[in-house]
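Visitor: You'll find run_3.json just under this line, and it carries JSON, C-alpha atoms.
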```json
[["chain", "number", "residue", "atom", "x", "y", "z"],
["A", 1293, "MET", "CA", -19.20, 18.41, -19.86],
["A", 1294, "LYS", "CA", -17.87, 15.11, -21.06],
["A", 1295, "LYS", "CA", -14.20, 14.33, -20.85],
["A", 1296, "LEU", "CA", -13.00, 11.48, -23.05],
["A", 1297, "VAL", "CA", -9.99, 9.41, -22.07],
["A", 1298, "LEU", "CA", -8.64, 6.02, -23.03],
["A", 1299, "PHE", "CA", -9.67, 3.24, -20.72],
["A", 1300, "PHE", "CA", -8.29, -0.19, -20.14],
["A", 1301, "PHE", "CA", -10.02, -2.19, -17.45],
["A", 1302, "ALA", "CA", -9.09, -4.66, -14.75],
["A", 1303, "VAL", "CA", -10.52, -7.05, -12.27],
["A", 1304, "LEU", "CA", -12.19, -8.15, -9.13],
["A", 1305, "CYS", "CA", -10.21, -10.43, -6.87],
["A", 1306, "SER", "CA", -12.66, -13.09, -5.84],
["A", 1307, "SER", "CA", -11.05, -14.06, -2.53],
["A", 1308, "ILE", "CA", -12.99, -13.72, 0.70],
["A", 1309, "LEU", "CA", -11.71, -10.82, 2.77],
["A", 1310, "LEU", "CA", -12.71, -9.81, 6.28],
["A", 1311, "LEU", "CA", -13.92, -6.27, 5.84],
["A", 1312, "PRO", "CA", -16.11, -3.90, 7.87],
["A", 1313, "THR", "CA", -19.81, -4.11, 7.06],
["A", 1314, "ASN", "CA", -20.35, -0.35, 7.18],
["A", 1315, "GLU", "CA", -19.86, 0.92, 3.61],
["A", 1316, "ALA", "CA", -18.35, 4.22, 4.67],
["A", 1317, "ALA", "CA", -15.70, 2.38, 6.63],
["A", 1318, "ALA", "CA", -15.41, -0.53, 4.22],
["A", 1319, "ALA", "CA", -13.33, 1.14, 1.53],
["A", 1320, "VAL", "CA", -9.74, 0.13, 2.23],
["A", 1321, "LYS", "CA", -6.58, 0.02, 0.20],
["A", 1322, "SER", "CA", -5.63, -3.21, -1.47],
["A", 1323, "PRO", "CA", -4.08, -5.62, 1.07],
["A", 1324, "LYS", "CA", -0.31, -5.70, 0.96],
["A", 1325, "GLY", "CA", 0.79, -8.27, -1.57],
["A", 1326, "THR", "CA", -2.40, -8.26, -3.63],
["A", 1327, "GLN", "CA", -1.60, -7.81, -7.32],
["A", 1328, "VAL", "CA", -3.65, -7.28, -10.45],
["A", 1329, "VAL", "CA", -2.27, -8.06, -13.90],
["A", 1330, "VAL", "CA", -4.15, -6.82, -16.96],
["A", 1331, "ASN", "CA", -2.98, -8.34, -20.24],
["A", 1332, "ASN", "CA", 0.51, -8.90, -18.81],
["A", 1333, "HIS", "CA", 0.82, -5.45, -17.23],
["A", 1334, "ASP", "CA", 0.93, -4.99, -13.45],
["A", 1335, "LEU", "CA", -1.40, -2.30, -12.12],
["A", 1336, "ASP", "CA", -0.42, 0.14, -9.39],
["A", 1337, "SER", "CA", -1.69, -1.06, -6.02],
["A", 1338, "LYS", "CA", -2.31, 2.52, -4.85],
["A", 1339, "ASP", "CA", -5.21, 2.69, -7.31],
["A", 1340, "ILE", "CA", -6.87, -0.41, -5.85],
["A", 1341, "LEU", "CA", -9.59, -0.14, -3.24],
["A", 1342, "ILE", "CA", -11.60, -2.97, -1.72],
["A", 1343, "MET", "CA", -15.18, -2.53, -0.59],
["A", 1344, "ASN", "CA", -17.62, -5.26, 0.43],
["A", 1345, "ASN", "CA", -15.22, -7.97, -0.75],
["A", 1346, "GLN", "CA", -14.92, -6.38, -4.19],
["A", 1347, "VAL", "CA", -11.99, -4.70, -5.87],
["A", 1348, "PHE", "CA", -12.51, -1.24, -7.36],
["A", 1349, "PHE", "CA", -10.09, 0.58, -9.65],
["A", 1350, "SER", "CA", -9.70, 4.07, -10.95],
["A", 1351, "LEU", "CA", -10.85, 4.20, -14.55],
["A", 1352, "THR", "CA", -7.89, 6.26, -15.70],
["A", 1353, "SER", "CA", -5.33, 3.87, -14.17],
["A", 1354, "LEU", "CA", -6.29, 0.99, -16.44],
["A", 1355, "LYS", "CA", -4.38, 1.05, -19.69],
["A", 1356, "ASP", "CA", -3.98, -2.40, -21.10],
["A", 1357, "LEU", "CA", -7.19, -3.78, -22.54],
["A", 1358, "GLY", "CA", -7.53, -2.22, -25.96],
["A", 1359, "GLY", "CA", -10.54, -1.06, -27.87],
["A", 1360, "LEU", "CA", -12.28, 0.65, -24.96],
["A", 1361, "THR", "CA", -13.23, 4.27, -24.43],
["A", 1362, "PHE", "CA", -14.41, 6.07, -21.32],
["A", 1363, "ALA", "CA", -16.54, 9.19, -21.02],
["A", 1364, "TRP", "CA", -17.28, 11.07, -17.80],
["A", 1365, "ASN", "CA", -20.41, 13.19, -17.30],
["A", 1366, "ASN", "CA", -19.60, 15.43, -14.36],
["A", 1367, "THR", "CA", -23.17, 16.75, -14.07],
["A", 1368, "ALA", "CA", -24.74, 13.31, -13.83],
["A", 1369, "LYS", "CA", -21.70, 11.79, -12.05],
["A", 1370, "GLN", "CA", -21.86, 9.04, -14.61],
["A", 1371, "ALA", "CA", -19.13, 7.00, -16.33],
["A", 1372, "THR", "CA", -19.69, 5.42, -19.73],
["A", 1373, "VAL", "CA", -17.49, 2.60, -20.96],
["A", 1374, "LYS", "CA", -17.74, 1.43, -24.55],
["A", 1375, "GLY", "CA", -16.13, -1.60, -26.12],
["A", 1376, "GLY", "CA", -17.22, -3.51, -29.19],
["A", 1377, "ASP", "CA", -21.01, -3.92, -29.08],
["A", 1378, "THR", "CA", -21.21, -3.19, -25.35],
["A", 1379, "ASN", "CA", -22.14, 0.12, -23.77],
["A", 1380, "LEU", "CA", -21.95, 0.38, -19.97],
["A", 1381, "GLN", "CA", -23.18, 3.28, -17.88],
["A", 1382, "LEU", "CA", -22.28, 3.45, -14.20],
["A", 1383, "THR", "CA", -23.61, 6.19, -11.95],
["A", 1384, "MET", "CA", -21.77, 7.07, -8.78],
["A", 1385, "ASN", "CA", -23.42, 5.82, -5.57],
["A", 1386, "ASN", "CA", -26.03, 3.94, -7.59],
["A", 1387, "LYS", "CA", -26.24, 0.14, -7.44],
["A", 1388, "VAL", "CA", -28.06, -0.07, -10.77],
["A", 1389, "ALA", "CA", -25.91, 0.12, -13.92],
["A", 1390, "GLN", "CA", -27.03, 0.14, -17.54],
["A", 1391, "LYS", "CA", -25.72, -2.40, -20.04],
["A", 1392, "ASN", "CA", -26.81, -1.67, -23.60],
["A", 1393, "GLY", "CA", -29.80, 0.20, -22.18],
["A", 1394, "SER", "CA", -30.93, -2.55, -19.78],
["A", 1395, "PRO", "CA", -30.63, -2.23, -15.98],
["A", 1396, "VAL", "CA", -28.11, -4.46, -14.17],
["A", 1397, "SER", "CA", -27.88, -4.69, -10.39],
["A", 1398, "LEU", "CA", -24.53, -4.22, -8.64],
["A", 1399, "SER", "CA", -23.75, -5.47, -5.14],
["A", 1400, "THR", "CA", -21.80, -2.27, -4.43],
["A", 1401, "ALA", "CA", -22.20, 1.07, -6.15],
["A", 1402, "PRO", "CA", -19.35, 2.89, -7.94],
["A", 1403, "PHE", "CA", -17.99, 5.86, -6.02],
["A", 1404, "VAL", "CA", -15.48, 8.70, -6.05],
["A", 1405, "GLN", "CA", -12.48, 8.35, -3.72],
["A", 1406, "ASN", "CA", -9.82, 11.07, -3.42],
["A", 1407, "GLY", "CA", -10.92, 12.55, -6.72],
["A", 1408, "LYS", "CA", -10.80, 9.22, -8.55],
["A", 1409, "THR", "CA", -13.74, 7.42, -10.10],
["A", 1410, "MET", "CA", -13.74, 3.87, -8.71],
["A", 1411, "ILE", "CA", -15.68, 1.14, -10.48],
["A", 1412, "PRO", "CA", -16.35, -2.55, -9.71],
["A", 1413, "LEU", "CA", -13.92, -4.17, -12.06],
["A", 1414, "ARG", "CA", -15.13, -7.75, -12.21],
["A", 1415, "PHE", "CA", -18.49, -6.50, -13.40],
["A", 1416, "VAL", "CA", -16.91, -4.24, -16.01],
["A", 1417, "ALA", "CA", -14.37, -6.88, -17.13],
["A", 1418, "GLU", "CA", -16.90, -9.64, -17.61],
["A", 1419, "ALA", "CA", -19.49, -7.32, -19.13],
["A", 1420, "LEU", "CA", -16.92, -6.43, -21.78],
["A", 1421, "ASP", "CA", -16.10, -10.10, -22.48],
["A", 1422, "GLY", "CA", -12.89, -10.22, -20.49],
["A", 1423, "SER", "CA", -11.97, -13.17, -18.28],
["A", 1424, "VAL", "CA", -10.79, -13.06, -14.66],
["A", 1425, "THR", "CA", -8.54, -15.60, -12.95],
["A", 1426, "TRP", "CA", -7.64, -15.38, -9.27],
["A", 1427, "ASN", "CA", -4.49, -17.06, -7.93],
["A", 1428, "GLN", "CA", -5.01, -17.40, -4.20],
["A", 1429, "LYS", "CA", -1.45, -18.63, -3.62],
["A", 1430, "THR", "CA", 0.18, -15.47, -4.95],
["A", 1431, "ARG", "CA", -2.84, -13.21, -4.30],
["A", 1432, "THR", "CA", -2.85, -12.17, -7.93],
["A", 1433, "ALA", "CA", -5.82, -11.43, -10.16],
["A", 1434, "PHE", "CA", -5.32, -11.83, -13.90],
["A", 1435, "VAL", "CA", -7.58, -10.03, -16.34],
["A", 1436, "SER", "CA", -7.36, -11.34, -19.88],
["A", 1437, "LYS", "CA", -8.81, -10.05, -23.12],
["A", 1438, "PRO", "CA", -6.78, -10.72, -26.29],
["A", 1439, "SER", "CA", -7.03, -8.18, -29.06],
["A", 1440, "ALA", "CA", -8.84, -9.05, -32.27],
["A", 1441, "LYS", "CA", -5.47, -9.12, -34.05],
["A", 1442, "LEU", "CA", -4.02, -11.66, -31.62],
["A", 1443, "LEU", "CA", -7.12, -13.83, -31.88],
["A", 1444, "THR", "CA", -6.74, -13.87, -35.67],
["A", 1445, "ASP", "CA", -2.97, -14.27, -35.77],
["A", 1446, "VAL", "CA", -2.76, -17.13, -33.27],
["A", 1447, "LYS", "CA", -4.81, -19.21, -35.75],
["A", 1448, "SER", "CA", -2.64, -18.23, -38.71],
["A", 1449, "SER", "CA", -1.19, -20.92, -40.97],
["A", 1450, "ALA", "CA", 2.01, -18.83, -41.07],
["A", 1451, "LEU", "CA", 4.02, -20.32, -38.23],
["A", 1452, "SER", "CA", 5.95, -17.16, -37.32],
["A", 1453, "THR", "CA", 2.70, -15.14, -37.17],
["A", 1454, "ALA", "CA", 1.04, -17.68, -34.86],
["A", 1455, "ARG", "CA", 4.13, -17.80, -32.67],
["A", 1456, "ASN", "CA", 4.29, -14.03, -32.38],
["A", 1457, "ALA", "CA", 0.67, -14.00, -31.30],
["A", 1458, "ALA", "CA", 1.39, -16.77, -28.77],
["A", 1459, "ILE", "CA", 4.12, -14.85, -26.93],
["A", 1460, "ASN", "CA", 1.88, -11.77, -26.77],
["A", 1461, "LEU", "CA", -1.34, -13.42, -25.56],
["A", 1462, "PRO", "CA", -2.48, -12.62, -22.01],
["A", 1463, "ARG", "CA", -0.56, -14.75, -19.50],
["A", 1464, "VAL", "CA", -2.02, -16.43, -16.42],
["A", 1465, "SER", "CA", -0.40, -18.38, -13.60],
["A", 1466, "GLN", "CA", -1.84, -20.75, -11.02],
["A", 1467, "LEU", "CA", 1.59, -21.69, -9.66],
["A", 1468, "THR", "CA", 2.55, -21.16, -6.04],
["A", 1469, "GLU", "CA", 5.15, -18.42, -6.62],
["A", 1470, "ASP", "CA", 6.06, -15.68, -9.04],
["A", 1471, "PHE", "CA", 9.75, -15.98, -9.93],
["A", 1472, "LYS", "CA", 11.18, -12.60, -10.89],
["A", 1473, "PRO", "CA", 14.34, -12.09, -12.97],
["A", 1474, "ILE", "CA", 17.19, -10.38, -11.14],
["A", 1475, "MET", "CA", 17.02, -7.78, -13.89],
["A", 1476, "GLU", "CA", 15.50, -7.59, -17.31],
["A", 1477, "ALA", "CA", 17.83, -9.30, -19.75],
["A", 1478, "SER", "CA", 19.47, -7.56, -22.69],
["A", 1479, "SER", "CA", 18.04, -10.39, -24.75],
["A", 1480, "LEU", "CA", 15.14, -12.82, -24.52],
["A", 1481, "GLN", "CA", 15.22, -16.40, -25.71],
["A", 1482, "TYR", "CA", 12.22, -18.35, -26.94],
["A", 1483, "TYR", "CA", 12.08, -22.06, -27.68],
["A", 1484, "PHE", "CA", 9.16, -23.59, -29.60],
["A", 1485, "PRO", "CA", 9.02, -27.33, -30.28],
["A", 1486, "GLU", "CA", 9.56, -27.69, -34.01],
["A", 1487, "ASN", "CA", 6.50, -26.87, -36.14],
["A", 1488, "THR", "CA", 4.36, -25.84, -33.14],
["A", 1489, "HIS", "CA", 3.06, -22.54, -31.84],
["A", 1490, "ASP", "CA", 0.88, -23.56, -28.88],
["A", 1491, "ARG", "CA", 3.63, -24.00, -26.29],
["A", 1492, "PHE", "CA", 6.93, -22.30, -25.69],
["A", 1493, "ILE", "CA", 9.78, -21.77, -23.26],
["A", 1494, "GLU", "CA", 10.99, -18.28, -22.41],
["A", 1495, "VAL", "CA", 14.37, -17.49, -20.84],
["A", 1496, "ASN", "CA", 14.68, -14.06, -19.23],
["A", 1497, "ASN", "CA", 17.97, -13.56, -17.41],
["A", 1498, "ASN", "CA", 17.95, -16.03, -14.50],
["A", 1499, "VAL", "CA", 14.34, -17.20, -14.89],
["A", 1500, "ILE", "CA", 13.06, -19.82, -17.31],
["A", 1501, "ARG", "CA", 9.33, -20.39, -17.88],
["A", 1502, "TYR", "CA", 7.21, -22.86, -19.83],
["A", 1503, "TYR", "CA", 3.82, -21.74, -21.20],
["A", 1504, "LYS", "CA", 1.01, -23.65, -22.86],
["A", 1505, "ILE", "CA", -1.69, -21.93, -24.91],
["A", 1506, "THR", "CA", -5.26, -22.84, -23.98],
["A", 1507, "LYS", "CA", -8.34, -20.89, -25.09],
["A", 1508, "ASN", "CA", -6.28, -17.93, -26.30],
["A", 1509, "THR", "CA", -4.43, -17.57, -23.01],
["A", 1510, "ALA", "CA", -0.82, -18.48, -22.22],
["A", 1511, "TYR", "CA", -0.84, -20.47, -18.97],
["A", 1512, "LEU", "CA", 2.37, -20.70, -17.00],
["A", 1513, "LYS", "CA", 2.89, -24.41, -16.35],
["A", 1514, "TRP", "CA", 6.44, -24.47, -14.99],
["A", 1515, "GLN", "CA", 9.18, -22.08, -13.96],
["A", 1516, "ALA", "CA", 12.67, -22.26, -12.50],
["A", 1517, "SER", "CA", 15.41, -19.98, -11.23],
["A", 1518, "ILE", "CA", 18.74, -20.52, -12.98],
["A", 1519, "SER", "CA", 21.96, -20.43, -10.97],
["A", 1520, "GLU", "CA", 25.51, -19.65, -12.10],
["A", 1521, "LYS", "CA", 26.61, -23.23, -11.46],
["A", 1522, "THR", "CA", 27.31, -25.11, -14.67],
["A", 1523, "THR", "CA", 25.77, -28.52, -15.17],
["A", 1524, "THR", "CA", 24.19, -30.75, -17.81],
["A", 1525, "GLN", "CA", 20.40, -30.75, -18.04],
["A", 1526, "ASP", "CA", 18.85, -33.98, -19.33],
["A", 1527, "ASN", "CA", 15.43, -32.57, -20.22],
["A", 1528, "LEU", "CA", 16.11, -28.96, -21.17],
["A", 1529, "TYR", "CA", 19.42, -29.87, -22.76],
["A", 1530, "PHE", "CA", 20.07, -26.33, -24.05],
["A", 1531, "ILE", "CA", 20.41, -24.99, -20.47],
["A", 1532, "ASN", "CA", 23.89, -25.64, -19.12],
["A", 1533, "ARG", "CA", 23.31, -24.29, -15.62],
["A", 1534, "SER", "CA", 21.56, -25.77, -12.61],
["A", 1535, "PHE", "CA", 18.17, -24.75, -11.24],
["A", 1536, "THR", "CA", 18.01, -23.42, -7.68],
["A", 1537, "LYS", "CA", 14.25, -23.92, -7.40],
["A", 1538, "GLU", "CA", 11.39, -25.09, -9.58],
["A", 1539, "ASP", "CA", 7.62, -24.71, -9.53],
["A", 1540, "GLY", "CA", 5.07, -26.57, -11.64],
["A", 1541, "SER", "CA", 5.27, -29.44, -14.09],
["A", 1542, "LEU", "CA", 7.43, -29.67, -17.23],
["A", 1543, "PRO", "CA", 6.88, -32.14, -20.13],
["A", 1544, "ASN", "CA", 9.63, -34.37, -21.43],
["A", 1545, "PHE", "CA", 11.61, -32.39, -24.02],
["A", 1546, "LYS", "CA", 14.89, -34.30, -24.05],
["A", 1547, "ASP", "CA", 14.40, -35.63, -27.61],
["A", 1548, "THR", "CA", 12.65, -32.53, -28.95],
["A", 1549, "THR", "CA", 13.97, -30.35, -31.74],
["A", 1550, "PHE", "CA", 13.44, -26.69, -30.88],
["A", 1551, "ALA", "CA", 13.02, -23.61, -33.02],
["A", 1552, "ASN", "CA", 15.19, -21.20, -31.04],
["A", 1553, "PHE", "CA", 14.91, -17.41, -31.19],
["A", 1554, "ARG", "CA", 17.13, -14.85, -29.47],
["A", 1555, "TRP", "CA", 15.64, -11.37, -29.47],
["A", 1556, "MET", "CA", 18.23, -8.61, -29.02],
["A", 1557, "PRO", "CA", 16.41, -5.28, -28.59],
["A", 1558, "HIS", "CA", 19.58, -3.19, -28.50],
["A", 1559, "ILE", "CA", 20.21, -4.06, -32.16],
["A", 1560, "THR", "CA", 16.55, -4.77, -33.09],
["A", 1561, "SER", "CA", 17.53, -8.16, -34.38],
["A", 1562, "THR", "CA", 16.44, -11.76, -33.81],
["A", 1563, "GLY", "CA", 18.83, -14.67, -34.04],
["A", 1564, "TYR", "CA", 17.28, -17.96, -35.08],
["A", 1565, "GLY", "CA", 18.14, -21.60, -35.60],
["A", 1566, "LEU", "CA", 17.05, -25.20, -34.98],
["A", 1567, "SER", "CA", 18.50, -26.92, -31.91],
["A", 1568, "THR", "CA", 18.71, -30.60, -31.06],
["A", 1569, "LYS", "CA", 20.26, -32.43, -28.14],
["A", 1570, "GLU", "CA", 23.21, -33.33, -30.35],
["A", 1571, "ASN", "CA", 23.95, -29.94, -31.92],
["A", 1572, "TRP", "CA", 22.59, -27.27, -29.59],
["A", 1573, "ASN", "CA", 26.00, -26.07, -28.46],
["A", 1574, "ASP", "CA", 27.28, -25.74, -32.03],
["A", 1575, "VAL", "CA", 24.32, -24.00, -33.67],
["A", 1576, "VAL", "CA", 25.31, -20.87, -35.55],
["A", 1577, "PHE", "CA", 22.40, -18.45, -35.33],
["A", 1578, "LYS", "CA", 21.39, -16.48, -38.38],
["A", 1579, "GLN", "CA", 20.27, -12.89, -37.85],
["A", 1580, "ALA", "CA", 17.14, -11.11, -39.03],
["A", 1581, "GLU", "CA", 16.67, -7.36, -38.57],
["A", 1582, "LEU", "CA", 13.09, -6.45, -37.77],
["A", 1583, "PRO", "CA", 11.06, -3.62, -39.31],
["A", 1584, "GLN", "CA", 9.64, -0.93, -37.04],
["A", 1585, "VAL", "CA", 6.08, -2.16, -37.46],
["A", 1586, "ASN", "CA", 7.08, -5.51, -35.94],
["A", 1587, "LEU", "CA", 8.72, -3.81, -32.98],
["A", 1588, "LYS", "CA", 5.60, -1.82, -32.17],
["A", 1589, "GLU", "CA", 3.60, -5.04, -31.96],
["A", 1590, "ASN", "CA", 6.38, -7.01, -30.23],
["A", 1591, "TYR", "CA", 6.37, -9.39, -33.19],
["A", 1592, "ILE", "CA", 9.96, -10.57, -32.83],
["A", 1593, "ILE", "CA", 9.70, -14.20, -33.99],
["A", 1594, "VAL", "CA", 10.84, -14.83, -37.56],
["A", 1595, "ASP", "CA", 10.59, -17.63, -40.09],
["A", 1596, "ILE", "CA", 13.18, -20.42, -40.07],
["A", 1597, "PRO", "CA", 13.55, -21.62, -43.68],
["A", 1598, "GLU", "CA", 14.86, -25.03, -42.56],
["A", 1599, "GLU", "CA", 11.76, -25.70, -40.48],
["A", 1600, "LYS", "CA", 9.25, -27.74, -42.45]]
```
Starting from the file, lay out its structure as structure tokens.
Guide:
Amino acid sequence: MKKLVLFFFAVLCSSILLLPTNEAAAAVKSPKGTQVVVNNHDLDSKDILIMNNQVFFSLTSLKDLGGLTFAWNNTAKQATVKGGDTNLQLTMNNKVAQKNGSPVSLSTAPFVQNGKTMIPLRFVAEALDGSVTWNQKTRTAFVSKPSAKLLTDVKSSALSTARNAAINLPRVSQLTEDFKPIMEASSLQYYFPENTHDRFIEVNNNVIRYYKITKNTAYLKWQASISEKTTTQDNLYFINRSFTKEDGSLPNFKDTTFANFRWMPHITSTGYGLSTKENWNDVVFKQAELPQVNLKENYIIVDIPEEK
């Protein structure tokens, strides 16, 4: 009997790990500190197993790559994953999978562990046109597959639409650390250089990050932790506190005019305005309430009439 559930897939960490050669003994939990991020969502490490230098995940634990379905045939012990024009069939304990009816060899067969169906996720991710990036420094694997809507919207001539797509694209980091906010802020701030959508700064509580969009992915290029000590920043002039630590490289923004957005989820409203080095501390933000459909898509950036 087939049981249909939603499936969102993840990834194979491509680092070299010292594992036992015996397959029965080779299945181990993910090493402490190893992380997997699928379209900006962290996956639970308890659902990660490593066998023969590959990462396997439970099908039902993967929830963040849209447009996929999963069917389980208990009689045949076979999982079917469908997405777009791709149909994958993986049979437990069988190193030969089927992709659109053609056989594909796997280095390690899928298997069942503690009642969970575990599949080789790099194979599944790449077979379904996802991309995988491994950050050895933070031991984090990023799986990226933008939705069709994001791919369309990021190319939109409507600036607010392209910007909304930009902040929702899959994010990837090759920096040496992962700075975490002390707590999630009651508001988020976004800064786009005037009339652009392909790079932005995000301020979340005590962490500030700079992203650049390349090939439909938002790459983290710089980040800093913000202290409580007041100071004057020459480059990021709109930040009036000092940085306790920084990681990465930041362009020169000291003469840049920014389109500034302050998203306040508690009142479902976005404040907006244009900031310059001369006026940033005196800008009076206008407010725009957002319709429910925008909130569902996290489309919180609005048009600024003065921006031309």
Visitor: Residues of range 1393-1483 of chain A that approach range 1370-1378 of chain A to 10 Å or less, counting only C-alpha atoms: could you list each one with the shortest pair of atoms and its distance in Å to one decimal, rows by chain and increasing residue number, as CSV?
Guide:
```
residue,atom,partner,partner_atom,distance
A:Gly1393,CA,A:Thr1378,CA,9.8
A:Pro1402,CA,A:Ala1371,CA,9.3
A:Phe1403,CA,A:Gln1370,CA,9.9
A:Thr1409,CA,A:Ala1371,CA,8.2
A:Met1410,CA,A:Ala1371,CA,9.8
A:Ile1411,CA,A:Ala1371,CA,9.0
A:Val1416,CA,A:Val1373,CA,8.5
A:Ala1419,CA,A:Thr1378,CA,7.7
A:Leu1420,CA,A:Thr1378,CA,6.5
A:Asp1421,CA,A:Thr1378,CA,9.1
```
Visitor: What lies within 9 Å of range 1564-1574 of chain A using all atoms listed in the file, ignoring chain neighbours under 6 positions off, as a PyMOL selection string?
Guide: chain A and resi 1486+1528-1530+1546-1555+1580+1593-1596+1598-1599
Visitor: Within 7 Å of (0.0, -18.6, -13.4), all atoms listed in the file: residues as a ChimeraX atom specification?
Guide: /A:1464-1467,1511-1512
Visitor: What does the distance from CA of Thr1444 in chain A to CA of Gly1563 in chain A come to in Å, to one decimal?
Guide: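 Computing it gives 25.6 Å between the two atoms.
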Visitor: Please measure the separation of CA of Pro1438 in chain A and CA of Gln1579 in chain A, giving the value in Å to one decimal.
Guide: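 Computed distance, CA of Pro1438 in chain A to CA of Gln1579 in chain A, equals 29.5 Å.
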Visitor: Provide the CA of Thr1453 in chain A to CA of Glu1589 in chain A distance in Å, to one decimal place.
Guide: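 Between CA of Thr1453 in chain A and CA of Glu1589 in chain A the gap is 11.4 Å.
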Visitor: Write out as an MDAnalysis selection string which residues come within 8 Å of Pro1412 in chain A when counting all atoms listed in the file, dropping same-chain ones fewer than 3 positions away.
Guide: chainID A and resid 1303:1304 1346:1349 1400:1402 1415:1416
Visitor: Determine the nearest neighbour of Leu1451 in chain A from the options A:Pro1597, A:Leu1587, A:Tyr1503, A:Leu1341, counting all atoms listed in the file.
Guide: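 With all atoms listed in the file as the atom set, the closest residue is A:Pro1597.
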Visitor: Please supply range 1329-1341 of chain A, rebuilt with N, CA and C atoms, as a compact mmCIF listing (two decimals), keeping the file's coordinate frame.
Guide:
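Here's the written file selection.txt:
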```txt
# COMPACT_ATOMS: atom_id res chain seq x y z
N VAL A 1329 -2.99 -8.07 -12.62
CA VAL A 1329 -2.27 -8.06 -13.90
C VAL A 1329 -3.29 -8.03 -15.02
N VAL A 1330 -3.21 -7.00 -15.84
CA VAL A 1330 -4.15 -6.82 -16.96
C VAL A 1330 -3.38 -6.98 -18.26
N ASN A 1331 -3.68 -8.07 -18.97
CA ASN A 1331 -2.98 -8.34 -20.24
C ASN A 1331 -1.47 -8.18 -20.10
N ASN A 1332 -0.93 -8.82 -19.05
CA ASN A 1332 0.51 -8.90 -18.81
C ASN A 1332 1.13 -7.63 -18.25
N HIS A 1333 0.31 -6.68 -17.82
CA HIS A 1333 0.82 -5.45 -17.23
C HIS A 1333 0.33 -5.34 -15.78
N ASP A 1334 1.28 -5.16 -14.86
CA ASP A 1334 0.93 -4.99 -13.45
C ASP A 1334 0.32 -3.62 -13.23
N LEU A 1335 -0.76 -3.58 -12.45
CA LEU A 1335 -1.40 -2.30 -12.12
C LEU A 1335 -0.88 -1.81 -10.78
N ASP A 1336 -0.93 -0.50 -10.60
CA ASP A 1336 -0.42 0.14 -9.39
C ASP A 1336 -1.37 -0.13 -8.23
N SER A 1337 -0.84 -0.69 -7.15
CA SER A 1337 -1.69 -1.06 -6.02
C SER A 1337 -2.32 0.16 -5.34
N LYS A 1338 -1.74 1.34 -5.50
CA LYS A 1338 -2.31 2.52 -4.85
C LYS A 1338 -3.64 2.93 -5.47
N ASP A 1339 -3.94 2.40 -6.65
CA ASP A 1339 -5.21 2.69 -7.31
C ASP A 1339 -6.23 1.60 -7.09
N ILE A 1340 -5.96 0.69 -6.15
CA ILE A 1340 -6.87 -0.41 -5.85
C ILE A 1340 -7.54 -0.13 -4.51
N LEU A 1341 -8.84 -0.23 -4.48
CA LEU A 1341 -9.59 -0.14 -3.24
C LEU A 1341 -10.52 -1.35 -3.14
```
